Each structure stands twice: as C-alpha cells, then as structure tokens.
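Asker: Here you go, this is model_19.cif (mmCIF, C-alpha atoms).
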```cif
data_entry
loop_
_atom_site.label_atom_id
_atom_site.label_comp_id
_atom_site.auth_asym_id
_atom_site.auth_seq_id
_atom_site.Cartn_x
_atom_site.Cartn_y
_atom_site.Cartn_z
CA MET A 25 47.85 49.33 111.06
CA LYS A 26 46.92 49.82 114.71
CA ASP A 27 49.67 49.26 117.26
CA ALA A 28 48.75 47.80 120.66
CA ARG A 29 51.89 49.38 122.12
CA THR A 30 50.67 52.93 121.45
CA ASP A 31 46.91 52.82 120.73
CA PRO A 32 45.13 52.53 124.11
CA LEU A 33 41.72 51.50 122.72
CA PHE A 34 43.21 48.84 120.47
CA HIS A 35 45.43 47.60 123.31
CA PHE A 36 42.51 47.47 125.76
CA THR A 37 40.20 45.59 123.39
CA GLN A 38 42.97 43.14 122.50
CA ARG A 39 43.46 42.41 126.20
CA LEU A 40 39.70 41.88 126.61
CA ARG A 41 39.91 39.15 123.98
CA LYS A 42 42.12 37.25 126.41
CA ALA A 43 39.56 37.37 129.24
CA GLU A 44 38.57 34.00 130.70
CA VAL A 45 35.39 34.18 132.77
CA VAL A 46 35.50 32.38 136.13
CA LEU A 47 32.01 31.30 137.24
CA GLU A 48 32.52 31.04 141.02
CA PRO A 49 31.37 32.63 143.22
CA PHE A 50 29.80 34.59 140.30
CA PRO A 51 31.00 35.37 136.76
CA HIS A 52 34.15 37.50 136.80
CA TYR A 53 37.69 37.76 135.49
CA CYS A 54 40.92 39.62 136.18
CA LEU A 55 43.26 41.09 133.56
CA ASP A 56 46.75 42.58 133.73
CA ASN A 57 48.47 44.97 131.32
CA ILE A 58 45.24 46.65 130.23
CA PHE A 59 46.89 49.89 129.04
CA PRO A 60 50.14 50.24 127.12
CA GLU A 61 52.79 50.64 129.83
CA GLU A 62 53.94 54.13 128.83
CA TYR A 63 50.31 55.24 128.62
CA TYR A 64 49.63 53.84 132.09
CA GLN A 65 52.52 55.83 133.55
CA LEU A 66 51.20 58.95 131.81
CA LEU A 67 47.76 58.27 133.31
CA LEU A 68 49.23 58.09 136.81
CA GLN A 69 51.10 61.33 136.26
CA ASN A 70 47.86 63.05 135.23
CA LEU A 71 45.64 61.90 138.08
CA PRO A 72 43.82 65.00 139.35
CA VAL A 73 44.60 66.43 142.77
CA SER A 74 42.15 65.54 145.54
CA ALA A 75 40.52 68.98 145.37
CA SER A 76 39.14 67.99 141.94
CA TYR A 77 37.12 65.18 143.51
CA GLU A 78 33.83 65.26 145.41
CA ASN A 79 33.31 63.57 148.76
CA LEU A 80 30.87 60.68 148.40
CA TYR A 81 29.19 61.33 151.75
CA GLU A 82 28.38 64.89 150.70
CA VAL A 83 26.89 64.05 147.29
CA THR A 84 24.97 60.82 147.96
CA THR A 85 21.60 60.32 149.60
CA LEU A 86 22.97 57.18 151.30
CA LYS A 87 24.69 58.68 154.35
CA LEU A 88 27.03 55.91 155.51
CA GLU A 89 29.75 57.20 157.85
CA HIS A 90 32.59 55.47 156.01
CA PHE A 91 31.59 57.23 152.78
CA LYS A 92 33.39 60.27 154.24
CA HIS A 93 36.62 58.46 153.33
CA ARG A 94 35.81 58.10 149.63
CA ASP A 95 36.25 60.86 147.07
CA GLN A 96 35.21 60.54 143.45
CA ARG A 97 34.87 62.46 140.22
CA ASP A 98 32.14 61.53 137.77
CA MET A 99 33.62 61.43 134.28
CA ASN A 100 30.61 63.15 132.76
CA GLU A 101 30.36 65.96 130.22
CA GLY A 102 32.52 68.92 131.19
CA TRP A 103 34.22 67.24 134.13
CA THR A 104 37.70 68.23 132.89
CA ASN A 105 36.93 71.96 132.55
CA ASN A 106 38.65 72.95 135.79
CA LEU A 107 41.78 70.86 135.32
CA LEU A 108 45.14 72.28 134.32
CA LYS A 109 45.53 72.35 130.55
CA ALA A 110 47.93 69.41 130.32
CA GLN A 111 45.65 67.28 132.50
CA LYS A 112 42.56 68.41 130.62
CA ASP A 113 44.14 67.48 127.30
CA PHE A 114 45.03 64.03 128.59
CA TRP A 115 41.62 63.24 130.09
CA ASP A 116 39.66 64.67 127.16
CA SER A 117 41.62 62.36 124.89
CA PHE A 118 41.15 59.48 127.36
CA ASP A 119 37.38 59.98 127.49
CA SER A 120 37.11 60.02 123.70
CA TRP A 121 37.98 56.32 123.51
CA PHE A 122 37.33 55.05 127.03
CA LEU A 123 33.68 56.12 127.04
CA SER A 124 33.10 55.08 123.44
CA GLY A 125 30.52 52.63 122.19
CA GLU A 126 33.31 50.53 120.68
CA LEU A 127 34.85 49.80 124.07
CA ALA A 128 31.46 49.25 125.70
CA GLN A 129 30.53 46.61 123.14
CA ALA A 130 33.88 44.89 123.57
CA VAL A 131 33.39 44.77 127.35
CA VAL A 132 29.84 43.39 127.14
CA LYS A 133 30.94 40.67 124.74
CA THR A 134 33.33 39.29 127.35
CA PHE A 135 30.20 38.19 129.21
CA ALA A 136 28.29 37.10 126.10
CA GLU A 137 27.14 33.81 127.62
CA GLN A 138 25.71 35.53 130.70
CA MET A 139 24.00 38.16 128.54
CA ARG A 140 22.37 35.46 126.41
CA GLN A 141 21.13 33.66 129.49
CA ARG A 142 19.52 36.82 130.87
CA PHE A 143 18.17 38.48 127.73
CA GLU A 144 16.42 37.14 124.66
CA ASN A 145 17.25 40.45 123.00
CA TRP A 146 20.19 42.38 124.41
CA PRO A 147 19.16 45.82 125.71
CA GLN A 148 20.60 49.14 124.64
CA ILE A 149 23.48 50.01 126.92
CA SER A 150 25.01 53.15 128.40
CA VAL A 151 28.31 53.80 130.18
CA GLU A 152 29.13 55.76 133.33
CA SER A 153 32.56 56.05 134.87
CA GLN A 154 34.21 57.62 137.91
CA LEU A 155 37.67 58.30 139.18
CA ILE A 156 37.67 57.13 142.81
CA ARG A 157 40.13 57.74 145.64
CA HIS A 158 39.78 55.79 148.89
CA ARG A 159 41.38 56.97 152.12
CA ALA A 160 42.06 55.38 155.50
CA GLY A 161 38.83 54.38 157.24
CA TYR A 162 37.01 53.41 154.07
CA PHE A 163 35.44 50.00 153.59
CA LEU A 164 32.58 48.55 151.62
CA GLY A 165 30.54 45.67 153.00
CA PRO A 166 29.45 42.85 150.70
CA HIS A 167 26.75 44.00 148.27
CA SER A 168 25.45 42.86 144.90
CA ASP A 169 25.24 46.33 143.28
CA LEU A 170 22.40 48.25 141.62
CA HIS A 171 20.08 46.09 139.54
CA THR A 172 20.42 48.45 136.57
CA LYS A 173 24.08 47.52 136.13
CA LEU A 174 25.12 44.83 133.67
CA VAL A 175 28.92 44.78 133.85
CA VAL A 176 31.35 46.50 136.21
CA LEU A 177 35.08 47.04 135.66
CA LEU A 178 37.24 48.10 138.59
CA ILE A 179 40.47 49.39 137.09
CA TYR A 180 43.30 49.52 139.59
CA LEU A 181 45.63 52.53 139.44
CA ALA A 182 48.23 51.22 141.85
CA PRO A 183 51.70 52.81 141.75
CA ASP A 184 53.39 49.47 142.50
CA GLU A 185 52.57 45.96 143.78
CA SER A 186 53.12 46.66 147.48
CA GLY A 187 49.36 47.09 148.06
CA ALA A 188 48.24 43.91 146.28
CA HIS A 189 46.23 42.91 149.36
CA LEU A 190 44.03 46.01 148.96
CA GLY A 191 42.03 44.60 146.07
CA THR A 192 38.27 44.12 145.93
CA SER A 193 37.11 40.82 147.43
CA LEU A 194 34.42 38.46 146.17
CA PHE A 195 32.09 36.89 148.70
CA ARG A 196 29.65 34.01 149.03
CA PRO A 197 26.77 34.33 151.55
CA LYS A 198 26.83 31.81 154.39
CA ASP A 199 23.16 31.21 153.65
CA PRO A 200 23.30 29.44 150.26
CA ASN A 201 19.82 30.67 149.35
CA PHE A 202 20.48 34.34 150.09
CA LYS A 203 20.16 36.82 147.23
CA CYS A 204 19.86 40.60 147.04
CA PRO A 205 18.11 42.44 144.18
CA ASN A 206 19.43 45.87 145.21
CA SER A 207 22.64 47.36 146.55
CA THR A 208 22.13 46.87 150.29
CA HIS A 209 25.44 46.63 152.16
CA TYR A 210 25.80 43.69 154.57
CA PRO A 211 28.15 42.76 157.43
CA PHE A 212 31.28 40.85 156.49
CA THR A 213 30.37 38.26 159.14
CA ASP A 214 27.42 37.05 157.04
CA PHE A 215 29.71 36.05 154.18
CA VAL A 216 32.68 33.89 153.28
CA LYS A 217 35.49 35.60 151.38
CA VAL A 218 36.23 33.52 148.29
CA LYS A 219 39.06 35.55 146.76
CA THR A 220 40.62 38.99 146.51
CA ALA A 221 41.52 40.47 143.12
CA PRO A 222 45.04 41.85 143.71
CA TYR A 223 45.36 45.64 143.66
CA LYS A 224 48.21 45.64 141.14
CA PRO A 225 49.33 48.30 138.67
CA ASN A 226 47.59 48.41 135.30
CA SER A 227 45.06 45.67 136.07
CA LEU A 228 41.33 45.20 136.46
CA LEU A 229 38.58 43.13 137.98
CA ALA A 230 35.44 42.67 135.88
CA PHE A 231 32.19 41.05 136.95
CA PHE A 232 28.71 40.44 135.65
CA ARG A 233 26.14 41.94 138.01
CA SER A 234 23.51 39.60 139.48
CA ASP A 235 21.62 39.13 142.74
CA VAL A 236 24.57 37.09 144.04
CA SER A 237 27.49 39.23 142.79
CA PHE A 238 28.55 40.09 146.34
CA HIS A 239 31.78 42.05 146.47
CA GLY A 240 33.35 44.50 148.88
CA LEU A 241 36.48 46.11 150.26
CA GLU A 242 37.83 45.37 153.70
CA PRO A 243 38.73 48.34 155.94
CA LEU A 244 41.71 50.44 154.85
CA SER A 245 44.24 51.49 157.49
CA GLU A 246 46.57 54.50 157.57
CA SER A 247 49.47 52.28 156.54
CA ASP A 248 47.46 50.85 153.63
CA VAL A 249 47.02 54.28 152.02
CA SER A 250 49.94 56.24 153.43
CA ASN A 251 50.50 58.06 150.15
CA SER A 252 47.70 59.72 148.17
CA GLY A 253 45.10 56.97 148.55
CA ARG A 254 43.73 53.91 146.78
CA ASP A 255 43.01 55.06 143.23
CA VAL A 256 40.52 53.25 141.01
CA ILE A 257 38.53 53.89 137.86
CA GLN A 258 35.04 52.41 138.06
CA TYR A 259 33.54 51.69 134.64
CA VAL A 260 29.91 50.57 134.57
CA ILE A 261 27.75 49.36 131.70
CA TYR A 262 24.05 49.86 132.39
CA ASP A 263 20.84 48.63 130.88
CA GLN A 264 20.11 52.03 129.37
CA ALA A 265 16.31 52.02 129.70
CA ALA A 266 16.41 50.69 133.27
CA ARG A 267 19.05 53.26 134.25
CA GLN A 268 17.07 56.15 132.77
CA GLN A 269 13.98 55.04 134.69
CA GLN A 270 16.01 54.75 137.88
CA LEU A 271 17.38 58.28 137.50
CA ARG A 272 13.91 59.69 136.77
CA GLU A 273 12.60 58.09 139.97
CA ARG A 274 15.51 59.54 141.95
CA HIS A 275 14.84 63.02 140.62
CA LEU A 276 11.16 62.77 141.45
CA GLU A 277 11.97 61.58 144.97
CA ALA A 278 14.47 64.40 145.46
CA ALA A 279 11.89 66.91 144.25
CA ARG A 280 9.32 65.54 146.70
CA GLN A 281 11.80 65.97 149.53
CA GLY A 282 12.50 69.53 148.53
CA SER A 283 16.06 68.89 147.40
CA TYR A 284 15.50 70.67 144.13
#
```
Can the structure from this file be put into structure tokens for me?

Answerer:
Amino acid sequence: MKDARTDPLFHFTQRLRKAEVVLEPFPHYCLDNIFPEEYYQLLLQNLPVSASYENLYEVTTLKLEHFKHRDQRDMNEGWTNNLLKAQKDFWDSFDSWFLSGELAQAVVKTFAEQMRQRFENWPQISVESQLIRHRAGYFLGPHSDLHTKLVVLLIYLAPDESGAHLGTSLFRPKDPNFKCPNSTHYPFTDFVKVKTAPYKPNSLLAFFRSDVSFHGLEPLSESDVSNSGRDVIQYVIYDQAARQQQLRERHLEAARQGSY
C-alpha cells in the first residue's frame, strides 16, 4: 500500500484531490503541504548552487532589464549531469515522478471544468519545468502568460514563513474589457491587485491560463531576499501540438536572424 508520508507522487496527487478552484479573478487555487515534510526538507537541502542556473536575461530573446535578477535551470534531459552525485541522485529520482504523465493528468483534472469549457476533445499535453531563483531587483508585471500553456503551478520553496508577502499576486485589469492573448508584460498601475498567494514553505499556487489570467510579482528588495534568493519550481502543462508549433516558429525566427 502506498504511504502519503513517504511516497512523494502519491502524497502530491492526494493533495491535488483536495484542491478547490476559486473562480475570481480567474480560476486558481492554493495548496499547502504538497510534499511529505521530510521530503520537502531534503529537497531544500539539495537545491543546486547558483552556478548551476542560467541567467534569464542571457538566454531569452526578451531582453527586459529586470530579467538580469532571475536565474533558472530548465529541468530537461541531462540537466543534472553536472551536479554533485548526491544532488544528481536526488533530482534524477525527483524528475522520474514529478515530470511523469501520471502527475500531469492529476494536475489537469483539477481544472476539469475549465478544460471542458475550452475543448470539446482535450488535447495531448506535455510538461516543462524549471527551478527558478529570484534576486533583489526582480519583478514581473501583470501578464496572462503564453497562449500555449494550459495550467501553471508555482511551487514555493520557502525556508520559513517570514517571506509570506513575497508570493505571486493575481490582478484584475482596471479596464473590465481588457484581455491579452500573449504574454505581454504591463504596468502595475493598469491593474488592481486582487490577492497574493503567500510564499510559504511547501505550498503552491495553481492557475488555469486564459487571456485574463493576469499575475505578477512585485519588486523584490535586498531585505526580501537577503539569503540565497526566492526559490520556486515552475511546472507548466502545455497543449502539446500548440507548444511544438510555437517552438518550431521560434527556431525558424532564430535561424533567420542568424542566431543558429
């Protein structure tokens, strides 16, 4: 019999069963205790050093100045190869369940009603995930996210509850008719902050992406991230076909610009 106290996948999916979707300002929910507590502490102990991350400003085509204060590590094939053995063993094991189809299906089903409203036949899905570390000076203006995304989980890796105010905020545009089909970032002054999902240990914010799923992060100060930074795992479920097309178009554009 599986034990939620020791089996991280079973524990995570059992917690997802408790999710209650809040519809305003767009479908979302928050969950605590998403990993077994001992496993969560082990995860924190095995977070890679900053040198294992890539600076967002350096690797993205969207050159926003504040991206210099965000480092991330795509959790793609082979990403653990340069980690110390103990860390590599932990993250290889983590990836084996965290990036599995079983978890992805469990996550999508938490937004079953929204999926039924959008799709007559649910699309094939794919998962991408990143370890993210934010430093002082980082912020993220309200944006709805890429149209190829279906569901986003922001998993908070806080060491304690002292930084609860550093969570991602949900926004409503002041213009009630305003929508955005892409991931354009907007000024905070054009929006009303509805709520902030507390940046608490072993918790997450999940939302269903739409043209009004405006979310963001208010500027981080030196005192906000006086230790190593604001650590998060971003877990994204994509419409697989739409994502593949999007990536093909990006590669073609990069080739045209001589980046390849």

Asker: Translate the PyMOL selection byres ((chain A and resi 244-250) around 8), as applied to the file shown, into an explicit residue set as a PyMOL selection string.

Answerer: chain A and resi 159-163+187+190+242-243+251-254

Asker: Go through A:Ile149, A:Leu67, A:Val175, A:Leu107 one by one, measure the shortest atom-to-atom distance of each to Ser124 of chain A using all atoms listed in the file, and give the residue with the smallest value.

Answerer: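 Among A:Ile149, A:Leu67, A:Val175, A:Leu107, it is A:Ile149 that comes nearest to Ser124 of chain A.
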
Asker: Name the residues in contact with segment 197-212 of chain A at a cut-off of 8 Å, using all atoms listed in the file, excluding same-chain residues fewer than 4 positions from it; report them as a ChimeraX atom specification.

Answerer: /A:164-171,216,234-236,238

Asker: Dump C-alpha atoms for the selected residues as a tab-separated table (two decimals), in the coordinates of the input?

Answerer:
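Okay, result-v7.tsv is ready:
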```
chain	number	residue	atom	x	y	z
A	164	LEU	CA	32.58	48.55	151.62
A	165	GLY	CA	30.54	45.67	153.00
A	166	PRO	CA	29.45	42.85	150.70
A	167	HIS	CA	26.75	44.00	148.27
A	168	SER	CA	25.45	42.86	144.90
A	169	ASP	CA	25.24	46.33	143.28
A	170	LEU	CA	22.40	48.25	141.62
A	171	HIS	CA	20.08	46.09	139.54
A	216	VAL	CA	32.68	33.89	153.28
A	234	SER	CA	23.51	39.60	139.48
A	235	ASP	CA	21.62	39.13	142.74
A	236	VAL	CA	24.57	37.09	144.04
A	238	PHE	CA	28.55	40.09	146.34
```

Asker: What does the distance from atom CA of Pro222 of chain A to atom CA of Glu185 of chain A come to in Å, to one decimal?

Answerer: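 One can read the atom CA of Pro222 of chain A to atom CA of Glu185 of chain A distance as 8.6 Å.
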
Asker: Quick one: apply the PyMOL selection byres ((chain A and resi 51-66) around 6) to the file and drop the selected residues here as a ChimeraX atom specification.

Answerer: /A:29,32,36,45-47,50,67-69,226-232

Asker: Can you tell me how far atom CA of Glu82 of chain A sits from atom CA of His158 of chain A, in Å to one decimal?

Answerer: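 The value is 14.7 Å.
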
Asker: For Thr172 of chain A, list every protein, DNA or RNA residue within 7 Å, evaluated using all atoms listed in the file, and leave out those in the same chain fewer than 2 positions away; present the list as a count of residues only.

Answerer: 6

Asker: Run the PyMOL selection byres ((chain A and resi 111) around 12) against the file shown and list the residues it catches, as a PyMOL selection string.

Answerer: chain A and resi 66-73+76+103-110+112-118

Asker: In Å, with one decimal, what is the gap from atom CA of Ala182 of chain A to atom CA of Gln258 of chain A?

Answerer: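 The value is 13.8 Å.
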
Asker: What's the 6 Å shell around segment 88-101 of chain A, counting all atoms listed in the file, without same-chain residues fewer than 5 positions away, as JSON, numbers by chain?

Answerer: {"A": [77, 78, 79, 80, 81, 153, 154, 155, 156, 157, 158, 159, 162]}

Asker: Which of these, A:Ala130, A:Ala265, A:Leu123, A:Ala75, has the shortest distance to His35 of chain A once you count only C-alpha atoms?

Answerer: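 Distance minimum relative to His35 of chain A lands on A:Ala130.
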
Asker: For Asp31 of chain A, which of A:Glu137, A:Gln148, A:Tyr259, A:Phe122 is the closest residue, counting all atoms listed in the file?

Answerer: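 Closest to Asp31 of chain A, using all atoms listed in the file: A:Phe122.
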
Asker: Out of A:Ile261, A:Ala221, A:Ala188, A:Ala43, which residue has the shortest atom-to-atom distance to Lys173 of chain A when counting only C-alpha atoms?

Answerer: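 Among the listed residues, A:Ile261 lies closest to Lys173 of chain A.
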
Asker: From the list A:Arg140, A:Val151, A:Val256, A:Glu273, which residue is nearest Ala128 of chain A when using only C-alpha atoms?

Answerer: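 Among the listed residues, the smallest separation from Ala128 of chain A belongs to A:Val151.
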
Asker: With 8 Å added on each side, what axis-aligned box encloses every listed atom of segment 186-194 of chain A? Give the centre and edge lengths in Å to one decimal, as JSON.

Answerer:
```
{"center_x": 43.8, "center_y": 42.8, "center_z": 147.6, "size_x": 34.7, "size_y": 24.6, "size_z": 19.4}
```
